[in-house]
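What follows is the content of input32.cif (mmCIF, C-alpha atoms).
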```cif
data_coords
#
loop_
_atom_site.group_PDB
_atom_site.id
_atom_site.type_symbol
_atom_site.label_atom_id
_atom_site.label_comp_id
_atom_site.auth_asym_id
_atom_site.auth_seq_id
_atom_site.Cartn_x
_atom_site.Cartn_y
_atom_site.Cartn_z
ATOM 1 C CA MET A 29 -93.408 74.897 -75.896
ATOM 2 C CA PRO A 30 -94.683 78.406 -76.758
ATOM 3 C CA ARG A 31 -92.893 81.204 -74.930
ATOM 4 C CA VAL A 32 -94.688 84.391 -74.015
ATOM 5 C CA VAL A 33 -92.683 87.451 -73.019
ATOM 6 C CA VAL A 34 -93.982 90.203 -70.757
ATOM 7 C CA ASP A 35 -92.073 93.458 -70.251
ATOM 8 C CA VAL A 36 -92.928 95.749 -67.344
ATOM 9 C CA VAL A 37 -91.627 99.299 -66.865
ATOM 10 C CA LEU A 38 -92.522 102.110 -64.500
ATOM 11 C CA LYS A 39 -94.926 104.647 -66.008
ATOM 12 C CA PRO A 40 -93.120 107.735 -67.337
ATOM 13 C CA GLU A 41 -94.502 109.943 -64.552
ATOM 14 C CA ILE A 42 -93.164 107.650 -61.789
ATOM 15 C CA SER A 43 -89.541 108.463 -60.976
ATOM 16 C CA ASP A 44 -87.091 105.565 -61.211
ATOM 17 C CA PRO A 45 -84.195 106.074 -58.769
ATOM 18 C CA GLN A 46 -82.651 102.733 -59.732
ATOM 19 C CA GLY A 47 -82.526 103.760 -63.389
ATOM 20 C CA GLN A 48 -81.043 107.104 -62.352
ATOM 21 C CA ALA A 49 -78.334 105.304 -60.358
ATOM 22 C CA VAL A 50 -77.476 103.225 -63.433
ATOM 23 C CA LEU A 51 -77.324 106.419 -65.502
ATOM 24 C CA GLY A 52 -74.949 107.931 -62.945
ATOM 25 C CA ALA A 53 -72.662 104.899 -63.203
ATOM 26 C CA LEU A 54 -72.682 105.100 -67.002
ATOM 27 C CA GLY A 55 -71.618 108.736 -66.789
ATOM 28 C CA ARG A 56 -68.718 107.814 -64.493
ATOM 29 C CA LEU A 57 -67.694 105.134 -67.012
ATOM 30 C CA GLY A 58 -67.547 107.721 -69.768
ATOM 31 C CA HIS A 59 -70.722 106.731 -71.611
ATOM 32 C CA ASP A 60 -71.875 110.315 -71.985
ATOM 33 C CA SER A 61 -74.190 109.583 -74.904
ATOM 34 C CA VAL A 62 -76.745 107.757 -72.759
ATOM 35 C CA ARG A 63 -79.456 110.290 -71.886
ATOM 36 C CA SER A 64 -81.689 108.239 -69.576
ATOM 37 C CA VAL A 65 -82.206 104.763 -68.155
ATOM 38 C CA ARG A 66 -85.492 103.193 -67.071
ATOM 39 C CA GLN A 67 -85.222 99.889 -65.269
ATOM 40 C CA GLY A 68 -87.948 97.274 -65.654
ATOM 41 C CA LYS A 69 -88.766 93.589 -65.462
ATOM 42 C CA HIS A 70 -88.751 90.938 -68.161
ATOM 43 C CA PHE A 71 -90.827 87.769 -67.716
ATOM 44 C CA VAL A 72 -90.637 84.658 -69.911
ATOM 45 C CA LEU A 73 -93.631 82.324 -69.584
ATOM 46 C CA GLU A 74 -93.746 78.867 -71.110
ATOM 47 C CA VAL A 75 -97.341 77.792 -71.656
ATOM 48 C CA ASP A 76 -99.071 74.598 -72.708
ATOM 49 C CA GLY A 77 -100.845 74.634 -76.048
ATOM 50 C CA THR A 78 -101.800 77.757 -77.955
ATOM 51 C CA PRO A 79 -101.370 80.834 -75.743
ATOM 52 C CA ASP A 80 -104.703 82.329 -74.726
ATOM 53 C CA GLU A 81 -104.181 86.040 -75.321
ATOM 54 C CA ALA A 82 -107.015 87.165 -73.048
ATOM 55 C CA GLU A 83 -105.774 85.034 -70.164
ATOM 56 C CA LEU A 84 -102.167 86.160 -70.632
ATOM 57 C CA LYS A 85 -103.245 89.791 -70.822
ATOM 58 C CA GLN A 86 -105.040 89.323 -67.520
ATOM 59 C CA ILE A 87 -101.967 87.703 -65.952
ATOM 60 C CA ALA A 88 -99.758 90.527 -67.191
ATOM 61 C CA GLU A 89 -102.049 93.339 -66.103
ATOM 62 C CA THR A 90 -103.205 92.004 -62.749
ATOM 63 C CA LEU A 91 -100.185 90.198 -61.326
ATOM 64 C CA LEU A 92 -96.973 90.779 -63.269
ATOM 65 C CA ALA A 93 -97.533 94.543 -63.381
ATOM 66 C CA ASN A 94 -99.156 96.943 -60.928
ATOM 67 C CA PRO A 95 -101.238 99.211 -63.186
ATOM 68 C CA VAL A 96 -101.046 102.013 -60.603
ATOM 69 C CA ILE A 97 -97.360 102.535 -61.335
ATOM 70 C CA GLU A 98 -96.334 100.307 -64.241
ATOM 71 C CA ASP A 99 -96.957 99.850 -67.967
ATOM 72 C CA VAL A 100 -96.914 96.360 -69.423
ATOM 73 C CA GLU A 101 -96.212 94.919 -72.889
ATOM 74 C CA LEU A 102 -97.274 91.419 -73.875
ATOM 75 C CA HIS A 103 -95.328 89.663 -76.650
ATOM 76 C CA LEU A 104 -97.005 86.531 -78.004
ATOM 77 C CA PRO A 105 -94.995 84.056 -80.105
ATOM 78 C CA LYS A 106 -95.114 84.727 -83.841
ATOM 79 C CA ASP A 107 -96.224 81.810 -85.980
ATOM 80 C CA MET B 13 -112.127 92.125 -28.360
ATOM 81 C CA ARG B 14 -110.337 89.806 -30.782
ATOM 82 C CA ILE B 15 -107.759 91.453 -33.051
ATOM 83 C CA GLY B 16 -106.252 89.167 -35.691
ATOM 84 C CA VAL B 17 -102.599 89.489 -36.727
ATOM 85 C CA ILE B 18 -101.751 87.810 -40.028
ATOM 86 C CA THR B 19 -98.464 85.981 -40.473
ATOM 87 C CA PHE B 20 -97.180 85.648 -44.038
ATOM 88 C CA PRO B 21 -93.972 83.816 -44.963
ATOM 89 C CA GLY B 22 -91.408 86.537 -44.261
ATOM 90 C CA SER B 23 -93.460 88.568 -41.775
ATOM 91 C CA LEU B 24 -91.200 90.033 -39.075
ATOM 92 C CA ASP B 25 -93.312 92.227 -36.840
ATOM 93 C CA ASP B 26 -96.312 89.988 -36.182
ATOM 94 C CA VAL B 27 -95.197 89.249 -32.611
ATOM 95 C CA ASP B 28 -94.694 92.947 -31.834
ATOM 96 C CA ALA B 29 -98.131 93.701 -33.319
ATOM 97 C CA ALA B 30 -99.738 91.023 -31.161
ATOM 98 C CA ARG B 31 -97.963 92.427 -28.115
ATOM 99 C CA ALA B 32 -99.233 95.928 -28.899
ATOM 100 C CA VAL B 33 -102.789 94.563 -29.137
ATOM 101 C CA ARG B 34 -102.392 92.916 -25.720
ATOM 102 C CA LEU B 35 -100.925 96.045 -24.098
ATOM 103 C CA ALA B 36 -103.892 98.041 -25.418
ATOM 104 C CA GLY B 37 -106.298 95.613 -23.769
ATOM 105 C CA GLY B 38 -107.281 93.473 -26.747
ATOM 106 C CA GLU B 39 -106.900 89.764 -27.369
ATOM 107 C CA PRO B 40 -104.450 89.053 -30.216
ATOM 108 C CA VAL B 41 -105.427 86.162 -32.484
ATOM 109 C CA ALA B 42 -102.786 84.604 -34.756
ATOM 110 C CA LEU B 43 -103.987 84.240 -38.367
ATOM 111 C CA TRP B 44 -102.171 82.294 -41.093
ATOM 112 C CA HIS B 45 -102.036 83.593 -44.666
ATOM 113 C CA GLY B 46 -102.689 80.163 -46.181
ATOM 114 C CA ASP B 47 -105.979 79.574 -44.349
ATOM 115 C CA HIS B 48 -109.448 80.711 -45.315
ATOM 116 C CA ASP B 49 -110.300 81.429 -41.690
ATOM 117 C CA LEU B 50 -110.567 84.856 -40.054
ATOM 118 C CA LYS B 51 -111.467 83.136 -36.737
ATOM 119 C CA ASP B 52 -114.305 85.600 -36.016
ATOM 120 C CA VAL B 53 -111.900 88.442 -35.252
ATOM 121 C CA ASP B 54 -113.213 91.999 -34.796
ATOM 122 C CA ALA B 55 -110.323 93.642 -36.663
ATOM 123 C CA VAL B 56 -107.162 92.632 -38.510
ATOM 124 C CA VAL B 57 -103.538 93.873 -38.485
ATOM 125 C CA LEU B 58 -101.176 93.148 -41.388
ATOM 126 C CA PRO B 59 -97.675 93.420 -39.888
ATOM 127 C CA GLY B 60 -94.353 94.575 -41.266
ATOM 128 C CA GLY B 61 -91.658 92.405 -42.767
ATOM 129 C CA PHE B 62 -90.742 91.038 -46.159
ATOM 130 C CA SER B 63 -93.586 88.727 -47.159
ATOM 131 C CA TYR B 64 -92.443 86.386 -49.918
ATOM 132 C CA GLY B 65 -89.069 88.096 -49.842
ATOM 133 C CA ASP B 66 -90.541 91.170 -51.614
ATOM 134 C CA TYR B 67 -90.428 89.045 -54.792
ATOM 135 C CA LEU B 68 -92.185 90.552 -57.840
ATOM 136 C CA ARG B 69 -93.116 93.722 -55.889
ATOM 137 C CA ALA B 70 -93.279 94.304 -52.130
ATOM 138 C CA GLY B 71 -96.588 92.854 -50.942
ATOM 139 C CA ALA B 72 -97.670 91.638 -54.384
ATOM 140 C CA ILE B 73 -97.734 87.911 -53.746
ATOM 141 C CA ALA B 74 -99.039 88.191 -50.176
ATOM 142 C CA ALA B 75 -101.944 90.262 -51.526
ATOM 143 C CA ARG B 76 -103.030 87.204 -53.554
ATOM 144 C CA SER B 77 -102.792 84.737 -50.644
ATOM 145 C CA PRO B 78 -105.905 82.753 -49.607
ATOM 146 C CA LEU B 79 -106.632 84.660 -46.396
ATOM 147 C CA MET B 80 -106.367 88.035 -48.171
ATOM 148 C CA GLN B 81 -109.432 87.138 -50.240
ATOM 149 C CA ASP B 82 -111.351 86.871 -46.963
ATOM 150 C CA VAL B 83 -109.793 90.098 -45.641
ATOM 151 C CA VAL B 84 -110.793 92.025 -48.778
ATOM 152 C CA ALA B 85 -114.379 90.758 -48.574
ATOM 153 C CA ALA B 86 -114.632 91.498 -44.832
ATOM 154 C CA ALA B 87 -113.081 94.967 -45.281
ATOM 155 C CA HIS B 88 -115.742 95.820 -47.839
ATOM 156 C CA GLY B 89 -118.225 94.867 -45.125
ATOM 157 C CA GLY B 90 -116.619 97.304 -42.670
ATOM 158 C CA LEU B 91 -114.027 95.170 -40.823
ATOM 159 C CA PRO B 92 -111.279 97.466 -39.493
ATOM 160 C CA VAL B 93 -107.942 96.607 -41.133
ATOM 161 C CA LEU B 94 -104.530 98.146 -40.359
ATOM 162 C CA GLY B 95 -101.524 97.623 -42.619
ATOM 163 C CA ILE B 96 -98.127 98.557 -41.207
ATOM 164 C CA CYS B 97 -95.131 98.898 -43.575
ATOM 165 C CA ASN B 98 -95.186 95.630 -45.558
ATOM 166 C CA GLY B 99 -98.842 95.351 -44.483
ATOM 167 C CA PHE B 100 -99.501 98.756 -46.107
ATOM 168 C CA GLN B 101 -97.817 97.489 -49.280
ATOM 169 C CA VAL B 102 -100.064 94.408 -49.196
ATOM 170 C CA LEU B 103 -103.224 96.534 -48.781
ATOM 171 C CA CYS B 104 -102.264 98.698 -51.781
ATOM 172 C CA GLU B 105 -101.508 95.610 -53.867
ATOM 173 C CA ALA B 106 -104.830 94.087 -52.806
ATOM 174 C CA GLY B 107 -106.687 97.202 -53.961
ATOM 175 C CA LEU B 108 -108.022 98.062 -50.491
ATOM 176 C CA LEU B 109 -106.003 101.291 -50.438
ATOM 177 C CA PRO B 110 -105.048 103.572 -53.345
ATOM 178 C CA GLY B 111 -101.535 104.234 -54.631
ATOM 179 C CA ALA B 112 -98.378 102.157 -54.414
ATOM 180 C CA LEU B 113 -95.126 101.968 -52.446
ATOM 181 C CA THR B 114 -91.906 102.084 -54.444
ATOM 182 C CA ARG B 115 -88.140 102.131 -53.913
ATOM 183 C CA ASN B 116 -87.013 105.001 -51.673
ATOM 184 C CA SER B 117 -85.926 107.961 -53.776
ATOM 185 C CA HIS B 118 -82.417 107.905 -52.263
ATOM 186 C CA LEU B 119 -82.178 104.086 -52.669
ATOM 187 C CA HIS B 120 -81.107 103.594 -49.029
ATOM 188 C CA PHE B 121 -82.897 101.601 -46.369
ATOM 189 C CA ARG B 122 -83.933 104.228 -43.812
ATOM 190 C CA ASN B 123 -84.324 103.324 -40.145
ATOM 191 C CA ARG B 124 -84.982 106.086 -37.617
ATOM 192 C CA ASP B 125 -87.504 107.587 -35.234
ATOM 193 C CA GLN B 126 -89.914 109.698 -37.260
ATOM 194 C CA LEU B 127 -92.328 112.491 -36.419
ATOM 195 C CA LEU B 128 -95.759 112.242 -38.043
ATOM 196 C CA ARG B 129 -98.673 114.641 -38.076
ATOM 197 C CA VAL B 130 -102.088 113.077 -37.553
ATOM 198 C CA GLU B 131 -104.308 114.447 -40.331
ATOM 199 C CA ARG B 132 -107.400 112.352 -39.536
ATOM 200 C CA ALA B 133 -108.488 111.518 -35.993
ATOM 201 C CA ASP B 134 -111.798 109.973 -37.019
ATOM 202 C CA THR B 135 -110.728 106.655 -38.573
ATOM 203 C CA ALA B 136 -111.179 103.295 -36.871
ATOM 204 C CA TRP B 137 -107.463 103.291 -35.983
ATOM 205 C CA THR B 138 -106.824 106.945 -35.024
ATOM 206 C CA SER B 139 -109.737 108.126 -32.859
ATOM 207 C CA ASP B 140 -107.540 108.283 -29.730
ATOM 208 C CA TYR B 141 -105.395 110.965 -31.366
ATOM 209 C CA ALA B 142 -106.221 114.615 -31.991
ATOM 210 C CA GLU B 143 -106.163 116.092 -35.475
ATOM 211 C CA GLY B 144 -102.892 117.958 -35.902
ATOM 212 C CA GLN B 145 -101.182 116.023 -33.089
ATOM 213 C CA GLN B 146 -97.584 114.988 -33.719
ATOM 214 C CA ILE B 147 -96.452 111.482 -32.818
ATOM 215 C CA LEU B 148 -92.972 109.931 -32.790
ATOM 216 C CA ILE B 149 -92.698 106.310 -33.971
ATOM 217 C CA PRO B 150 -90.017 104.315 -35.805
ATOM 218 C CA VAL B 151 -89.864 104.134 -39.590
ATOM 219 C CA LYS B 152 -87.797 101.418 -41.297
ATOM 220 C CA ASN B 153 -88.137 100.675 -44.979
ATOM 221 C CA GLY B 154 -86.404 100.433 -48.325
ATOM 222 C CA GLU B 155 -89.556 100.644 -50.441
ATOM 223 C CA GLY B 156 -91.692 103.192 -48.669
ATOM 224 C CA ARG B 157 -92.037 105.951 -51.259
ATOM 225 C CA TYR B 158 -95.777 106.509 -51.623
ATOM 226 C CA VAL B 159 -96.721 107.318 -55.221
ATOM 227 C CA ALA B 160 -99.826 107.712 -57.350
ATOM 228 C CA ALA B 161 -100.742 109.727 -60.432
ATOM 229 C CA ASP B 162 -101.097 113.456 -59.687
ATOM 230 C CA ALA B 163 -104.815 113.354 -60.452
ATOM 231 C CA ASP B 164 -105.251 110.477 -58.001
ATOM 232 C CA LEU B 165 -103.275 112.333 -55.320
ATOM 233 C CA ASP B 166 -105.480 115.400 -55.868
ATOM 234 C CA ARG B 167 -108.585 113.253 -55.488
ATOM 235 C CA LEU B 168 -107.207 111.598 -52.324
ATOM 236 C CA GLU B 169 -106.506 114.975 -50.773
ATOM 237 C CA GLY B 170 -109.919 116.242 -51.880
ATOM 238 C CA GLU B 171 -111.544 113.285 -50.142
ATOM 239 C CA ASN B 172 -109.390 113.941 -47.042
ATOM 240 C CA ARG B 173 -107.959 110.429 -47.081
ATOM 241 C CA VAL B 174 -104.389 111.252 -46.031
ATOM 242 C CA VAL B 175 -104.197 110.083 -42.385
ATOM 243 C CA PHE B 176 -100.526 110.814 -41.616
ATOM 244 C CA ARG B 177 -97.825 113.022 -43.069
ATOM 245 C CA TYR B 178 -94.104 113.022 -42.374
ATOM 246 C CA VAL B 179 -92.872 116.132 -40.574
ATOM 247 C CA GLU B 180 -89.281 117.302 -40.029
ATOM 248 C CA GLY B 181 -88.028 115.288 -42.992
ATOM 249 C CA ASN B 182 -89.499 112.860 -45.480
ATOM 250 C CA PRO B 183 -87.621 109.564 -45.052
ATOM 251 C CA ASN B 184 -88.280 108.034 -48.472
ATOM 252 C CA GLY B 185 -89.386 110.655 -50.990
ATOM 253 C CA SER B 186 -93.114 109.956 -50.626
ATOM 254 C CA SER B 187 -95.378 112.200 -52.687
ATOM 255 C CA ARG B 188 -96.696 115.147 -50.668
ATOM 256 C CA ASP B 189 -95.066 113.745 -47.497
ATOM 257 C CA ILE B 190 -97.789 111.098 -47.282
ATOM 258 C CA ALA B 191 -97.034 108.486 -44.601
ATOM 259 C CA GLY B 192 -100.467 106.848 -44.410
ATOM 260 C CA VAL B 193 -103.877 106.808 -46.096
ATOM 261 C CA THR B 194 -107.339 105.433 -45.399
ATOM 262 C CA SER B 195 -110.242 103.898 -47.269
ATOM 263 C CA ALA B 196 -113.300 105.969 -48.122
ATOM 264 C CA ASN B 197 -115.140 104.658 -45.041
ATOM 265 C CA GLY B 198 -112.196 105.220 -42.647
ATOM 266 C CA ARG B 199 -112.066 101.558 -41.585
ATOM 267 C CA VAL B 200 -108.926 100.519 -43.512
ATOM 268 C CA VAL B 201 -105.702 102.385 -42.700
ATOM 269 C CA GLY B 202 -102.184 101.801 -44.013
ATOM 270 C CA LEU B 203 -98.936 103.537 -43.072
ATOM 271 C CA MET B 204 -95.219 102.897 -43.518
ATOM 272 C CA PRO B 205 -94.003 103.801 -39.986
ATOM 273 C CA HIS B 206 -94.413 101.319 -37.129
ATOM 274 C CA PRO B 207 -96.791 102.133 -34.257
ATOM 275 C CA GLU B 208 -96.346 98.624 -32.816
ATOM 276 C CA HIS B 209 -92.690 99.453 -32.081
ATOM 277 C CA ALA B 210 -93.680 102.463 -29.953
ATOM 278 C CA VAL B 211 -95.859 100.997 -27.203
ATOM 279 C CA GLU B 212 -93.414 100.684 -24.278
ATOM 280 C CA ASP B 213 -90.818 103.078 -22.873
ATOM 281 C CA LEU B 214 -88.252 100.294 -22.589
ATOM 282 C CA THR B 215 -88.085 99.532 -26.312
ATOM 283 C CA GLY B 216 -89.607 102.447 -28.203
ATOM 284 C CA PRO B 217 -88.878 106.149 -28.706
ATOM 285 C CA SER B 218 -92.308 106.872 -27.145
ATOM 286 C CA THR B 219 -95.564 105.121 -26.418
ATOM 287 C CA ASP B 220 -97.307 107.140 -29.139
ATOM 288 C CA GLY B 221 -98.131 103.994 -31.143
ATOM 289 C CA LEU B 222 -100.466 102.552 -28.542
ATOM 290 C CA GLY B 223 -103.299 104.820 -29.676
ATOM 291 C CA PHE B 224 -103.811 102.784 -32.865
ATOM 292 C CA PHE B 225 -104.645 99.704 -30.849
ATOM 293 C CA THR B 226 -106.806 101.454 -28.230
ATOM 294 C CA SER B 227 -108.680 103.315 -30.984
ATOM 295 C CA VAL B 228 -109.733 100.164 -32.781
ATOM 296 C CA LEU B 229 -111.131 98.616 -29.606
ATOM 297 C CA LYS B 230 -113.576 101.553 -29.416
ATOM 298 C CA ALA B 231 -114.328 101.352 -33.145
ATOM 299 C CA VAL B 232 -115.284 97.705 -32.726
ATOM 300 C CA VAL B 233 -117.565 98.448 -29.764
ATOM 301 C CA SER B 234 -119.327 101.297 -31.565
ATOM 302 C CA ALA B 235 -119.746 99.375 -34.827
#
```
Will you turn the file into structure tokens for me?
Amino acid sequence: MPRVVVDVVLKPEISDPQGQAVLGALGRLGHDSVRSVRQGKHFVLEVDGTPDEAELKQIAETLLANPVIEDVELHLPKD
Amino acid sequence: MRIGVITFPGSLDDVDAARAVRLAGGEPVALWHGDHDLKDVDAVVLPGGFSYGDYLRAGAIAARSPLMQDVVAAAHGGLPVLGICNGFQVLCEAGLLPGALTRNSHLHFRNRDQLLRVERADTAWTSDYAEGQQILIPVKNGEGRYVAADADLDRLEGENRVVFRYVEGNPNGSSRDIAGVTSANGRVVGLMPHPEHAVEDLTGPSTDGLGFFTSVLKAVVSA
């Protein structure tokens, strides 16, 4: 069954306190080379038949992400 | 005067909201998120809580529930709608109010009595207050940080759509101390703090919250 992946991250101008907390923990663990962390969401959708890009784009942009605060990337299966 | 209070799976403050409506002199009407029936109410309150467990984003799934389609259509026709805390998150997710509510900047759940300044005393839900008045009501949230793009915040302020601001400390890192906003027509109002928890001396820090529920009764009569 085709798998469609959708990645959602906060827009760059929206601060991400959860990512900053992860960055703080990395610093305490000695991983000084990590400069920043942005936390997001990763969705895997299994769909019947050939994925309909327009429909999936709509799903990603209107439900999986809130366009006021988040950017979204749609990854369709390669064939 | 029939004031609907919607219950979503995970709503917590629907009973307090109904009680506040009754104390103000209105008739609370229980509404269920899964119905397509507004039961001829004159206004609607979306209560606080954790609808759908805050899954996906706070308020996101509730905003797509059957009854919310009716609420959005009725709000565009002028129905007064108040969203408190999770209800505010639902109204933003439903597109009835601008902006979004995100994780508190300090990452802690914050629960305390909070002073607010009333910036607009001419909305359907705030006419019993005076502009500039300060009110003390509880705030309790983990995802109450109001955000929007700077240009959108500038436009909101230009259109005078900030209804409440936090004073003496911003509990969640909200942009420009914004605690509540309204729609362009002043009929839809959302805020993170909880007026329905400040309607009786026995249980609240004040009775300052009652004015929301008395205001809307007048807004309904004059509509």
Counting all atoms listed in the file, give me one row per residue of chain B with an atom at most 10 Å from an atom of chain A, showing the shortest contact pair and its distance in Å to one decimal, sorted by chain then residue number, as a Markdown table.
```
| residue | atom | partner | partner_atom | distance |
| --- | --- | --- | --- | --- |
| B:Leu68 | CA | A:Leu92 | CA | 7.2 |
| B:Arg69 | CA | A:Asn94 | CA | 8.5 |
| B:Ala72 | CA | A:Leu91 | CA | 7.5 |
| B:Ile73 | CA | A:Leu91 | CA | 8.3 |
| B:Ala75 | CA | A:Leu91 | CA | 10.0 |
| B:Arg76 | CA | A:Leu91 | CA | 8.8 |
| B:Cys104 | CA | A:Val96 | CA | 9.5 |
| B:Glu105 | CA | A:Asn94 | CA | 7.6 |
| B:Gly107 | CA | A:Val96 | CA | 10.0 |
| B:Pro110 | CA | A:Val96 | CA | 8.4 |
| B:Gly111 | CA | A:Val96 | CA | 6.4 |
| B:Ala112 | CA | A:Val96 | CA | 6.7 |
| B:Leu113 | CA | A:Ile97 | CA | 9.2 |
| B:Thr114 | CA | A:Ile97 | CA | 8.8 |
| B:Arg115 | CA | A:Pro45 | CA | 7.4 |
| B:Asn116 | CA | A:Pro45 | CA | 7.7 |
| B:Ser117 | CA | A:Pro45 | CA | 5.6 |
| B:His118 | CA | A:Pro45 | CA | 7.0 |
| B:Leu119 | CA | A:Pro45 | CA | 6.7 |
| B:Val159 | CA | A:Ile42 | CA | 7.5 |
| B:Ala160 | CA | A:Val96 | CA | 6.7 |
| B:Ala161 | CA | A:Glu41 | CA | 7.5 |
| B:Asp162 | CA | A:Glu41 | CA | 8.9 |
| B:Asp164 | CA | A:Val96 | CA | 9.8 |
```
Can you spit out the residues from that selection as a PDB file, keeping the file's coordinate frame, using C-alpha atoms?
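File written: out-v7.pdb
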```pdb
ATOM      1  CA  LEU B  68     -92.185  90.552 -57.840  1.00  0.00           C
ATOM      2  CA  ARG B  69     -93.116  93.722 -55.889  1.00  0.00           C
ATOM      3  CA  ALA B  72     -97.670  91.638 -54.384  1.00  0.00           C
ATOM      4  CA  ILE B  73     -97.734  87.911 -53.746  1.00  0.00           C
ATOM      5  CA  ALA B  75    -101.944  90.262 -51.526  1.00  0.00           C
ATOM      6  CA  ARG B  76    -103.030  87.204 -53.554  1.00  0.00           C
ATOM      7  CA  CYS B 104    -102.264  98.698 -51.781  1.00  0.00           C
ATOM      8  CA  GLU B 105    -101.508  95.610 -53.867  1.00  0.00           C
ATOM      9  CA  GLY B 107    -106.687  97.202 -53.961  1.00  0.00           C
ATOM     10  CA  PRO B 110    -105.048 103.572 -53.345  1.00  0.00           C
ATOM     11  CA  GLY B 111    -101.535 104.234 -54.631  1.00  0.00           C
ATOM     12  CA  ALA B 112     -98.378 102.157 -54.414  1.00  0.00           C
ATOM     13  CA  LEU B 113     -95.126 101.968 -52.446  1.00  0.00           C
ATOM     14  CA  THR B 114     -91.906 102.084 -54.444  1.00  0.00           C
ATOM     15  CA  ARG B 115     -88.140 102.131 -53.913  1.00  0.00           C
ATOM     16  CA  ASN B 116     -87.013 105.001 -51.673  1.00  0.00           C
ATOM     17  CA  SER B 117     -85.926 107.961 -53.776  1.00  0.00           C
ATOM     18  CA  HIS B 118     -82.417 107.905 -52.263  1.00  0.00           C
ATOM     19  CA  LEU B 119     -82.178 104.086 -52.669  1.00  0.00           C
ATOM     20  CA  VAL B 159     -96.721 107.318 -55.221  1.00  0.00           C
ATOM     21  CA  ALA B 160     -99.826 107.712 -57.350  1.00  0.00           C
ATOM     22  CA  ALA B 161    -100.742 109.727 -60.432  1.00  0.00           C
ATOM     23  CA  ASP B 162    -101.097 113.456 -59.687  1.00  0.00           C
ATOM     24  CA  ASP B 164    -105.251 110.477 -58.001  1.00  0.00           C
TER      25      ASP B 164
END
```
message: On this structure, the PyMOL selection byres ((chain B and resi 80-84) around 9) would catch which residues? List them as a PyMOL selection string, sorted by chain and number.
response: chain B and resi 45-46+48-50+56+74-79+85-89+91+93+103+106-108
Going by the chain IDs and residue numbers used in this file, which residues fall under the PyMOL selection byres ((chain A and resi 71) around 9)? Write them as a PDB file with C-alpha atoms, keeping the file's coordinate frame.
```pdb
ATOM      1  CA  VAL A  32     -94.688  84.391 -74.015  1.00  0.00           C
ATOM      2  CA  VAL A  33     -92.683  87.451 -73.019  1.00  0.00           C
ATOM      3  CA  VAL A  34     -93.982  90.203 -70.757  1.00  0.00           C
ATOM      4  CA  ASP A  35     -92.073  93.458 -70.251  1.00  0.00           C
ATOM      5  CA  VAL A  36     -92.928  95.749 -67.344  1.00  0.00           C
ATOM      6  CA  LYS A  69     -88.766  93.589 -65.462  1.00  0.00           C
ATOM      7  CA  HIS A  70     -88.751  90.938 -68.161  1.00  0.00           C
ATOM      8  CA  VAL A  72     -90.637  84.658 -69.911  1.00  0.00           C
ATOM      9  CA  LEU A  73     -93.631  82.324 -69.584  1.00  0.00           C
ATOM     10  CA  LEU A  92     -96.973  90.779 -63.269  1.00  0.00           C
TER      11      LEU A  92
END
```
Would you list the residues near (-92.9, 114.6, -52.2), meaning any protein, DNA or RNA residue with an atom at most 10 Å from that point in file coordinates, counting all atoms listed in the file, as a PyMOL selection string?
-> chain B and resi 117+157-159+182+184-190
Would you save the residues from that selection as a tab-separated table (two decimals), keeping the file's coordinate frame, using C-alpha atoms?
```tsv
chain	number	residue	atom	x	y	z
B	117	SER	CA	-85.93	107.96	-53.78
B	157	ARG	CA	-92.04	105.95	-51.26
B	158	TYR	CA	-95.78	106.51	-51.62
B	159	VAL	CA	-96.72	107.32	-55.22
B	182	ASN	CA	-89.50	112.86	-45.48
B	184	ASN	CA	-88.28	108.03	-48.47
B	185	GLY	CA	-89.39	110.66	-50.99
B	186	SER	CA	-93.11	109.96	-50.63
B	187	SER	CA	-95.38	112.20	-52.69
B	188	ARG	CA	-96.70	115.15	-50.67
B	189	ASP	CA	-95.07	113.74	-47.50
B	190	ILE	CA	-97.79	111.10	-47.28
```
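Across the model, the gap from CA of Asn153 (chain B) to CA of Val53 (chain B) is 28.4 Å.
Atom pair CA of Glu212 (chain B) / CA of Ala30 (chain B) has a distance of 13.4 Å (rounded to one decimal).
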* Tell me, as a list in words, which residues lie within 10 Å of Gly47 (chain A), counting all atoms listed in the file; anything in the same chain fewer than 5 positions away does not count. => Gly52, Ala53, Ser64, Val65, Arg66, Gln67 and Gly68 of chain A
The residue from B:Tyr67, B:Tyr178, B:Trp137, B:Phe121 with the smallest atom-to-atom distance to Ala55 (chain B), counting only C-alpha atoms, is B:Trp137
Can you turn the PyMOL selection byres ((chain A and resi 84) around 10) into a concrete residue list for this file, as a short mmCIF file (atom, residue, chain, number, x, y, z; two decimals) with C-alpha atoms, in the coordinates of the input?
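That gives us selection08.cif:
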```
data_model
loop_
_atom_site.label_atom_id
_atom_site.label_comp_id
_atom_site.auth_asym_id
_atom_site.auth_seq_id
_atom_site.Cartn_x
_atom_site.Cartn_y
_atom_site.Cartn_z
CA VAL A 32 -94.69 84.39 -74.02
CA VAL A 33 -92.68 87.45 -73.02
CA VAL A 34 -93.98 90.20 -70.76
CA LEU A 73 -93.63 82.32 -69.58
CA VAL A 75 -97.34 77.79 -71.66
CA PRO A 79 -101.37 80.83 -75.74
CA ASP A 80 -104.70 82.33 -74.73
CA GLU A 81 -104.18 86.04 -75.32
CA ALA A 82 -107.02 87.16 -73.05
CA GLU A 83 -105.77 85.03 -70.16
CA LYS A 85 -103.24 89.79 -70.82
CA GLN A 86 -105.04 89.32 -67.52
CA ILE A 87 -101.97 87.70 -65.95
CA ALA A 88 -99.76 90.53 -67.19
CA GLU A 89 -102.05 93.34 -66.10
CA THR A 90 -103.20 92.00 -62.75
CA LEU A 102 -97.27 91.42 -73.88
CA HIS A 103 -95.33 89.66 -76.65
CA LEU A 104 -97.00 86.53 -78.00
#
```
